[in-house]
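To be precise, the following lines are start.cif, and they hold mmCIF, C-alpha atoms.
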```cif
data_coords
#
loop_
_atom_site.label_atom_id
_atom_site.label_comp_id
_atom_site.auth_asym_id
_atom_site.auth_seq_id
_atom_site.Cartn_x
_atom_site.Cartn_y
_atom_site.Cartn_z
CA MET A 1 96.55 95.00 80.25
CA SER A 2 94.42 93.53 83.02
CA ILE A 3 91.95 90.64 83.23
CA ALA A 4 88.23 90.35 84.00
CA PHE A 5 86.10 87.30 84.74
CA ILE A 6 82.62 87.25 83.20
CA PHE A 7 79.80 84.83 83.99
CA PRO A 8 77.09 83.54 81.62
CA GLY A 9 73.35 84.06 81.86
CA GLN A 10 70.26 82.09 81.00
CA GLY A 11 70.33 80.43 77.60
CA SER A 12 73.78 78.89 78.11
CA GLN A 13 72.35 75.81 79.83
CA ALA A 14 72.66 72.37 78.21
CA ILE A 15 72.15 68.80 79.39
CA GLY A 16 75.46 67.46 80.68
CA MET A 17 76.91 70.81 81.71
CA GLY A 18 79.25 70.45 84.65
CA ALA A 19 79.41 66.65 84.42
CA GLU A 20 83.00 66.63 83.13
CA LEU A 21 84.05 68.95 85.94
CA ALA A 22 82.43 66.74 88.57
CA LYS A 23 84.14 63.68 87.11
CA ALA A 24 87.57 65.30 86.87
CA TYR A 25 87.72 67.31 90.11
CA PRO A 26 86.45 66.33 93.59
CA SER A 27 86.27 70.03 94.53
CA ALA A 28 83.92 70.72 91.62
CA ARG A 29 81.78 67.74 92.59
CA ALA A 30 81.59 69.18 96.11
CA VAL A 31 80.14 72.43 94.73
CA PHE A 32 77.30 70.57 93.00
CA GLU A 33 76.62 68.64 96.20
CA GLU A 34 76.52 71.87 98.22
CA VAL A 35 74.02 73.38 95.77
CA ASN A 36 71.86 70.24 95.92
CA ALA A 37 71.86 70.44 99.72
CA ALA A 38 71.06 74.17 99.77
CA LEU A 39 68.05 73.63 97.50
CA SER A 40 66.97 70.27 98.96
CA GLN A 41 66.86 69.15 95.33
CA ASN A 42 69.01 66.87 93.20
CA LEU A 43 69.67 69.65 90.72
CA SER A 44 72.87 68.07 89.42
CA LYS A 45 70.87 65.01 88.28
CA VAL A 46 68.62 67.33 86.25
CA MET A 47 71.70 69.06 84.83
CA TRP A 48 73.40 65.87 83.78
CA GLU A 49 70.49 63.62 82.82
CA GLY A 50 67.58 65.97 82.04
CA PRO A 51 64.90 66.07 80.91
CA GLU A 52 65.75 69.26 79.05
CA SER A 53 62.30 70.66 79.76
CA GLU A 54 63.07 70.52 83.48
CA LEU A 55 66.53 72.06 83.15
CA THR A 56 65.23 74.96 81.08
CA LEU A 57 62.68 75.90 83.74
CA THR A 58 63.89 79.30 84.90
CA GLU A 59 63.98 78.26 88.56
CA ASN A 60 66.33 75.38 87.66
CA ALA A 61 68.40 76.94 84.89
CA GLN A 62 69.47 79.91 87.01
CA PRO A 63 71.00 78.05 89.98
CA ALA A 64 72.32 75.35 87.62
CA LEU A 65 74.32 77.83 85.56
CA MET A 66 75.67 79.41 88.72
CA ALA A 67 76.71 75.98 90.03
CA VAL A 68 78.83 75.29 86.94
CA SER A 69 80.50 78.70 87.18
CA LEU A 70 81.30 78.23 90.87
CA ALA A 71 82.54 74.69 90.32
CA ALA A 72 84.96 76.09 87.73
CA MET A 73 86.02 78.81 90.17
CA ARG A 74 86.64 76.22 92.88
CA VAL A 75 88.93 74.30 90.52
CA LEU A 76 90.87 77.47 89.69
CA ALA A 77 91.20 78.27 93.39
CA ASP A 78 92.55 74.78 94.04
CA LYS A 79 95.17 75.45 91.41
CA GLY A 80 96.34 78.57 93.22
CA LEU A 81 94.27 81.36 91.69
CA THR A 82 93.17 84.22 93.93
CA LEU A 83 91.07 86.93 92.31
CA LYS A 84 92.59 89.87 94.16
CA GLY A 85 95.77 90.98 92.46
CA LYS A 86 95.13 88.89 89.35
CA VAL A 87 91.63 89.91 88.20
CA ALA A 88 90.59 93.57 87.96
CA TYR A 89 86.80 93.16 87.70
CA VAL A 90 84.01 90.60 87.64
CA ALA A 91 80.72 90.91 85.74
CA GLY A 92 77.85 88.61 84.89
CA HIS A 93 74.98 88.67 82.41
CA SER A 94 71.69 88.87 84.33
CA LEU A 95 71.72 85.81 86.64
CA GLY A 96 75.48 85.69 85.98
CA GLU A 97 75.80 88.74 88.20
CA TYR A 98 74.99 86.47 91.15
CA SER A 99 77.65 84.00 89.99
CA ALA A 100 80.13 86.87 89.78
CA LEU A 101 79.32 88.00 93.31
CA ALA A 102 79.65 84.46 94.69
CA ALA A 103 82.94 84.03 92.82
CA ALA A 104 84.23 87.25 94.39
CA GLY A 105 83.17 86.16 97.88
CA ALA A 106 80.32 88.65 98.32
CA LEU A 107 77.68 85.91 98.62
CA SER A 108 77.92 82.39 100.02
CA LEU A 109 77.35 79.50 97.63
CA ALA A 110 74.27 78.28 99.52
CA ASP A 111 72.70 81.75 99.67
CA THR A 112 73.38 82.29 95.97
CA ALA A 113 71.70 79.01 95.05
CA ARG A 114 68.61 79.83 97.12
CA LEU A 115 68.44 83.41 95.82
CA LEU A 116 68.53 82.21 92.22
CA LYS A 117 65.89 79.56 92.88
CA THR A 118 63.67 82.30 94.30
CA ARG A 119 64.55 84.69 91.47
CA GLY A 120 63.80 82.13 88.79
CA ARG A 121 60.48 81.16 90.33
CA ALA A 122 59.45 84.80 90.92
CA MET A 123 60.35 85.82 87.37
CA GLN A 124 58.36 82.91 85.97
CA GLU A 125 55.32 83.69 88.12
CA ALA A 126 55.34 87.46 87.51
CA VAL A 127 53.57 87.15 84.16
CA PRO A 128 51.12 84.40 83.14
CA VAL A 129 52.53 82.05 80.50
CA GLY A 130 51.72 83.30 77.03
CA GLU A 131 51.19 86.94 78.00
CA GLY A 132 54.80 88.09 77.66
CA ALA A 133 57.52 87.72 75.05
CA MET A 134 61.03 88.77 74.08
CA ALA A 135 62.60 89.37 70.67
CA ALA A 136 66.16 89.87 69.44
CA LEU A 137 66.79 92.74 67.05
CA LEU A 138 69.81 92.17 64.82
CA GLY A 139 71.39 95.16 63.13
CA ALA A 140 69.63 97.76 65.29
CA ASP A 141 71.44 99.84 67.89
CA LEU A 142 70.06 100.71 71.32
CA ALA A 143 68.50 104.03 70.26
CA GLN A 144 66.72 102.37 67.33
CA ALA A 145 65.50 99.54 69.58
CA GLN A 146 64.15 102.02 72.13
CA ASP A 147 62.35 103.98 69.40
CA LEU A 148 60.87 100.75 68.07
CA ALA A 149 59.72 99.67 71.53
CA LYS A 150 58.04 103.03 72.06
CA ALA A 151 56.28 102.84 68.71
CA ALA A 152 55.11 99.25 69.31
CA ALA A 153 53.96 99.71 72.92
CA ASP A 154 50.51 101.23 72.20
CA GLY A 155 49.80 101.51 75.91
CA GLU A 156 51.42 98.16 76.79
CA VAL A 157 54.87 97.38 78.17
CA CYS A 158 57.57 97.14 75.49
CA GLU A 159 61.15 97.97 76.47
CA ALA A 160 64.78 97.35 75.60
CA ALA A 161 65.85 94.52 77.94
CA ASN A 162 69.38 93.53 76.89
CA ASP A 163 71.85 95.76 75.08
CA ASN A 164 74.24 92.90 74.36
CA ALA A 165 76.59 94.10 71.65
CA PRO A 166 76.71 96.54 68.75
CA GLY A 167 73.75 95.57 66.56
CA GLN A 168 72.31 93.08 69.03
CA VAL A 169 69.53 94.34 71.30
CA VAL A 170 66.71 92.35 72.92
CA ILE A 171 63.29 93.84 73.64
CA SER A 172 60.80 92.54 76.19
CA GLY A 173 57.18 93.14 77.13
CA ALA A 174 53.58 92.19 76.49
CA LYS A 175 53.26 89.52 73.79
CA THR A 176 50.98 91.63 71.60
CA ALA A 177 53.39 94.59 71.83
CA ILE A 178 56.37 92.40 70.91
CA GLU A 179 54.41 91.02 67.94
CA ARG A 180 53.77 94.60 66.77
CA ALA A 181 57.49 95.31 67.20
CA LEU A 182 58.39 92.34 64.99
CA SER A 183 56.34 93.74 62.12
CA LEU A 184 57.66 97.30 62.61
CA ALA A 185 61.30 96.30 63.10
CA PRO A 186 62.55 96.86 59.50
CA LYS A 187 61.39 100.49 59.67
CA PHE A 188 63.64 101.02 62.71
CA GLY A 189 66.87 99.67 61.27
CA ALA A 190 66.66 96.02 62.31
CA ARG A 191 68.07 93.67 59.69
CA ARG A 192 66.25 90.81 61.40
CA ALA A 193 63.86 90.45 64.33
CA VAL A 194 63.52 87.06 66.00
CA LEU A 195 61.06 85.95 68.67
CA LEU A 196 63.03 84.27 71.46
CA PRO A 197 62.04 80.91 73.00
CA VAL A 198 61.70 82.23 76.57
CA SER A 199 59.03 81.54 79.14
CA ALA A 200 58.66 85.11 80.47
CA PRO A 201 59.43 88.74 79.50
CA PHE A 202 62.59 89.36 81.53
CA HIS A 203 64.13 92.76 82.33
CA CYS A 204 61.09 94.92 81.78
CA ALA A 205 58.44 96.58 83.97
CA LEU A 206 56.26 93.44 83.89
CA MET A 207 58.85 91.86 86.23
CA GLN A 208 58.01 94.26 89.09
CA PRO A 209 56.42 91.50 91.23
CA ALA A 210 59.66 89.53 90.90
CA ALA A 211 61.67 92.61 91.87
CA GLU A 212 59.63 92.91 95.08
CA ALA A 213 60.20 89.21 95.82
CA MET A 214 63.93 89.71 95.37
CA ARG A 215 63.92 92.79 97.58
CA ASP A 216 62.60 90.60 100.40
CA ALA A 217 64.93 87.68 99.63
CA LEU A 218 68.03 89.87 99.37
CA ALA A 219 67.19 91.64 102.64
CA ALA A 220 67.54 88.31 104.43
CA VAL A 221 71.09 87.44 103.29
CA THR A 222 74.54 88.73 104.14
CA ILE A 223 76.39 90.49 101.34
CA ASP A 224 80.08 91.20 101.87
CA SER A 225 82.35 93.47 99.84
CA PRO A 226 83.58 91.51 96.81
CA ALA A 227 87.29 90.76 96.52
CA VAL A 228 87.29 92.76 93.27
CA PRO A 229 84.68 95.26 92.02
CA LEU A 230 81.55 94.05 90.23
CA VAL A 231 80.61 95.91 87.05
CA ALA A 232 76.85 96.06 87.65
CA ASN A 233 74.33 95.25 84.89
CA VAL A 234 72.15 98.30 85.49
CA LEU A 235 75.02 100.78 85.79
CA ALA A 236 77.81 99.43 83.58
CA GLU A 237 80.01 100.80 86.35
CA PRO A 238 81.87 99.11 89.23
CA VAL A 239 80.31 98.66 92.66
CA SER A 240 81.79 97.22 95.85
CA ASP A 241 79.57 98.52 98.66
CA PRO A 242 77.29 95.69 99.91
CA GLU A 243 74.17 97.87 100.24
CA THR A 244 74.69 99.32 96.78
CA ILE A 245 75.03 95.79 95.41
CA ARG A 246 71.81 94.75 97.18
CA ALA A 247 69.87 97.67 95.67
CA ARG A 248 71.28 97.12 92.17
CA LEU A 249 70.31 93.43 92.26
CA VAL A 250 66.71 94.45 92.91
CA GLU A 251 66.78 97.02 90.10
CA GLN A 252 68.33 94.44 87.78
CA VAL A 253 65.11 92.36 87.67
CA THR A 254 63.21 95.07 85.78
CA GLY A 255 66.21 97.02 84.44
CA MET A 256 68.08 96.66 81.19
CA VAL A 257 71.22 94.52 81.10
CA ARG A 258 73.81 97.02 79.83
CA TRP A 259 76.25 94.41 78.57
CA ARG A 260 77.61 96.35 75.58
CA GLU A 261 78.45 99.23 77.90
CA THR A 262 79.90 96.79 80.44
CA MET A 263 82.32 95.46 77.83
CA LEU A 264 83.21 99.01 76.78
CA PHE A 265 83.83 99.93 80.43
CA LEU A 266 86.19 96.98 80.82
CA LYS A 267 88.02 97.83 77.61
CA ASP A 268 88.28 101.53 78.52
CA HIS A 269 89.67 100.64 81.96
CA GLY A 270 92.54 98.54 80.76
CA VAL A 271 91.04 95.06 80.49
CA GLY A 272 92.56 93.25 77.52
CA THR A 273 91.44 89.70 78.31
CA VAL A 274 88.18 88.28 79.64
CA TYR A 275 87.60 84.71 80.78
CA GLU A 276 84.01 83.45 80.56
CA VAL A 277 83.79 81.15 83.59
CA GLY A 278 81.10 78.50 83.36
CA ALA A 279 78.84 76.87 80.79
CA GLY A 280 78.83 77.74 77.12
CA ARG A 281 80.60 80.39 75.07
CA VAL A 282 77.90 83.03 74.48
CA LEU A 283 79.74 85.86 76.25
CA THR A 284 83.06 84.79 74.73
CA GLY A 285 81.55 85.30 71.29
CA ILE A 286 80.14 88.71 72.23
CA ALA A 287 83.45 89.85 73.75
CA ARG A 288 85.31 89.04 70.54
CA ARG A 289 83.17 91.60 68.73
CA PHE A 290 84.95 94.36 70.63
CA ASP A 291 88.20 95.37 68.93
CA GLY A 292 91.28 94.62 70.97
CA MET A 293 89.50 92.33 73.46
CA GLU A 294 90.80 88.78 73.86
CA ALA A 295 88.17 86.33 75.13
CA LYS A 296 88.64 82.83 76.48
CA SER A 297 86.23 80.20 77.82
CA ALA A 298 86.90 78.49 81.16
CA GLY A 299 84.24 75.88 81.74
CA LEU A 300 85.63 72.50 80.66
CA PRO A 301 88.55 70.61 82.23
CA ASP A 302 91.02 71.36 79.42
CA GLU A 303 90.02 75.03 79.40
CA LEU A 304 90.47 75.26 83.16
CA GLU A 305 93.89 73.61 83.01
CA THR A 306 94.95 76.17 80.38
CA ALA A 307 93.43 79.09 82.32
CA ALA A 308 95.07 78.00 85.55
CA ALA A 309 98.47 77.76 83.86
CA GLU A 310 98.06 81.23 82.36
CA LEU A 311 96.71 82.89 85.48
CA THR A 312 99.04 81.40 88.07
CA ALA A 313 102.28 81.65 86.08
#
```

Now that the file is in, can you turn its structure into structure tokens?
Amino acid sequence: MSIAFIFPGQGSQAIGMGAELAKAYPSARAVFEEVNAALSQNLSKVMWEGPESELTLTENAQPALMAVSLAAMRVLADKGLTLKGKVAYVAGHSLGEYSALAAAGALSLADTARLLKTRGRAMQEAVPVGEGAMAALLGADLAQAQDLAKAAADGEVCEAANDNAPGQVVISGAKTAIERALSLAPKFGARRAVLLPVSAPFHCALMQPAAEAMRDALAAVTIDSPAVPLVANVLAEPVSDPETIRARLVEQVTGMVRWRETMLFLKDHGVGTVYEVGAGRVLTGIARRFDGMEAKSAGLPDELETAAAELTA
């Protein structure tokens, strides 16, 4: 059985993330310093000291989460890990796709930080605050969520945004449409429907202005072939061609994150173990819902020491 590295998305941020890595490993500290320099911002101070309201701003949370993932990758590299030959695929949830590409050498660290700053800002600005919303549907499958979104739309945008796991789908769109969906949800198989505490309706057609901003930003950076294939969010299939990656990253802003299908692809193609590299354990928990998949977190010093021992043996 082979191994995949997966990288967390927004929602995994927490005050203090990455601080233990910076304290324990000079190479990890160097990553945070490189990100600060690329952004001309002391982002690591926000990450480690807050305030939480500043860290959770989309334009800060996205590069911050990437920084923790890449700091962890730098530590693993120092301990002798090379992706090629050891890891079959990389994948990342939404912004985590950028972390995955940087980890696989397709994007430079500085470019990735700047792209995510731009992406976060553009996604926040695409829809005025209070006009969009997202909701998690628990117990409903993708087809049921899509039927619900269609029924609730009433001429507004309402779409499936994240197909995370069996029975866990997120919808996104106009606030009034999402509110209608919440009341209709039981009729469409949802055991529970929960409004999410997000600042914008990600991964739906309302994000088109952000997609255009990312088209311009991505056109200005060099993308190399990754050391191992990326399983793309919008395809749930592997990509390695730089121009294909560039196009899929643009589509990803408005497209659905096909994470359930990504996990099934990995499982069906011989991956028996995934390591979630970075902050939190959200994707680790999701991966464990797939029979036969072993999932491990690699974001804290003790976890990285264990991972390095396992992966470089």

Kindly provide the residues of region 92-164 of chain A that approach region 37-40 of chain A to within 10 Å, each paired with its closest atom pair and their distance in Å to one decimal, based on only C-alpha atoms, listed by chain and increasing number, as CSV.
```
residue,atom,partner,partner_atom,distance
A:Leu109,CA,A:Ala38,CA,8.5
A:Ala110,CA,A:Ala38,CA,5.2
A:Asp111,CA,A:Ala38,CA,7.8
A:Thr112,CA,A:Ala38,CA,9.3
A:Ala113,CA,A:Ala38,CA,6.8
A:Arg114,CA,A:Leu39,CA,6.2
A:Leu115,CA,A:Leu39,CA,9.9
A:Lys117,CA,A:Leu39,CA,7.8
```

Write the residues you've just listed into a file as a PDB file, keeping the file's coordinate frame, and include C-alpha atoms for each of them.
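again-v6.pdb, freshly written:
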```
ATOM      1  CA  LEU A 109      77.350  79.500  97.630  1.00  0.00           C
ATOM      2  CA  ALA A 110      74.270  78.280  99.520  1.00  0.00           C
ATOM      3  CA  ASP A 111      72.700  81.750  99.670  1.00  0.00           C
ATOM      4  CA  THR A 112      73.380  82.290  95.970  1.00  0.00           C
ATOM      5  CA  ALA A 113      71.700  79.010  95.050  1.00  0.00           C
ATOM      6  CA  ARG A 114      68.610  79.830  97.120  1.00  0.00           C
ATOM      7  CA  LEU A 115      68.440  83.410  95.820  1.00  0.00           C
ATOM      8  CA  LYS A 117      65.890  79.560  92.880  1.00  0.00           C
TER       9      LYS A 117
END
```

Next on the checklist: So that I can see what lies close to Glu49 (chain A), please list as a ChimeraX atom specification the residues with an atom at most 9 Å from it, counting only C-alpha atoms and leaving out residues fewer than 4 positions away in the same chain.
Outcome noted: /A:15-16,44-45

Item to check | Atom-to-atom span, CA of Asp268 (chain A) and CA of Lys296 (chain A), Å | outcome: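 Separating CA of Asp268 (chain A) from CA of Lys296 (chain A) is a distance of 18.8 Å.
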
Item to check | Neighbours of point (78.5, 101.3, 88.6) within 12 Å, using all atoms listed in the file, written as a ChimeraX atom specification | outcome: /A:89,91,229-241,244-245,247-249,258,261-262,265-266

Next on the checklist: I want to know what sits within 12 Å of region 297-300 of chain A, based on all atoms listed in the file, with residues of the same chain fewer than 2 positions away left out; could you give that as a VMD selection string?
Outcome noted: chain A and resid 5 to 8 12 16 to 25 28 65 to 76 273 to 288 294 to 295 302 to 311

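Residues selected in this file by the PyMOL selection byres ((chain A and resi 95-106) around 6) comprise Phe7, Pro8, Gly9, Met66, Val90, Ala91, Gly92, His93, Ser94, Leu107, Ser108, Ile223, Asp224, Ser225, Pro226 and Ala227 of chain A.
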
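CA of Met123 (chain A) sits 7.1 Å away from CA of Ala200 (chain A).
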
Nearby residues (only C-alpha atoms) at most 9 Å from Val157 (chain A), same-chain spacing under 5 positions excluded, as a short mmCIF file (atom, residue, chain, number, x, y, z; two decimals) with C-alpha atoms, in the coordinates of the input:
```
data_model
loop_
_atom_site.label_atom_id
_atom_site.label_comp_id
_atom_site.auth_asym_id
_atom_site.auth_seq_id
_atom_site.Cartn_x
_atom_site.Cartn_y
_atom_site.Cartn_z
CA ALA A 149 59.72 99.67 71.53
CA LYS A 150 58.04 103.03 72.06
CA SER A 172 60.80 92.54 76.19
CA GLY A 173 57.18 93.14 77.13
CA ALA A 174 53.58 92.19 76.49
CA ALA A 177 53.39 94.59 71.83
CA ILE A 178 56.37 92.40 70.91
CA CYS A 204 61.09 94.92 81.78
CA ALA A 205 58.44 96.58 83.97
CA LEU A 206 56.26 93.44 83.89
#
```

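In this comparison, which uses all atoms listed in the file, the residue of A:Met256, A:Val221, A:Leu184, A:Ala153 approaching Val170 (chain A) most closely is A:Met256.
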
Checklist outcome for this item: Using all atoms listed in the file, the shortest atom-to-atom distance to Val87 (chain A) among A:Asn162, A:Ser27, A:Asn60, A:Thr312 belongs to A:Thr312

Checklist entry - To one decimal place, how far is CA of Val253 (chain A) from CA of Leu83 (chain A) in Å? => result 26.9 Å
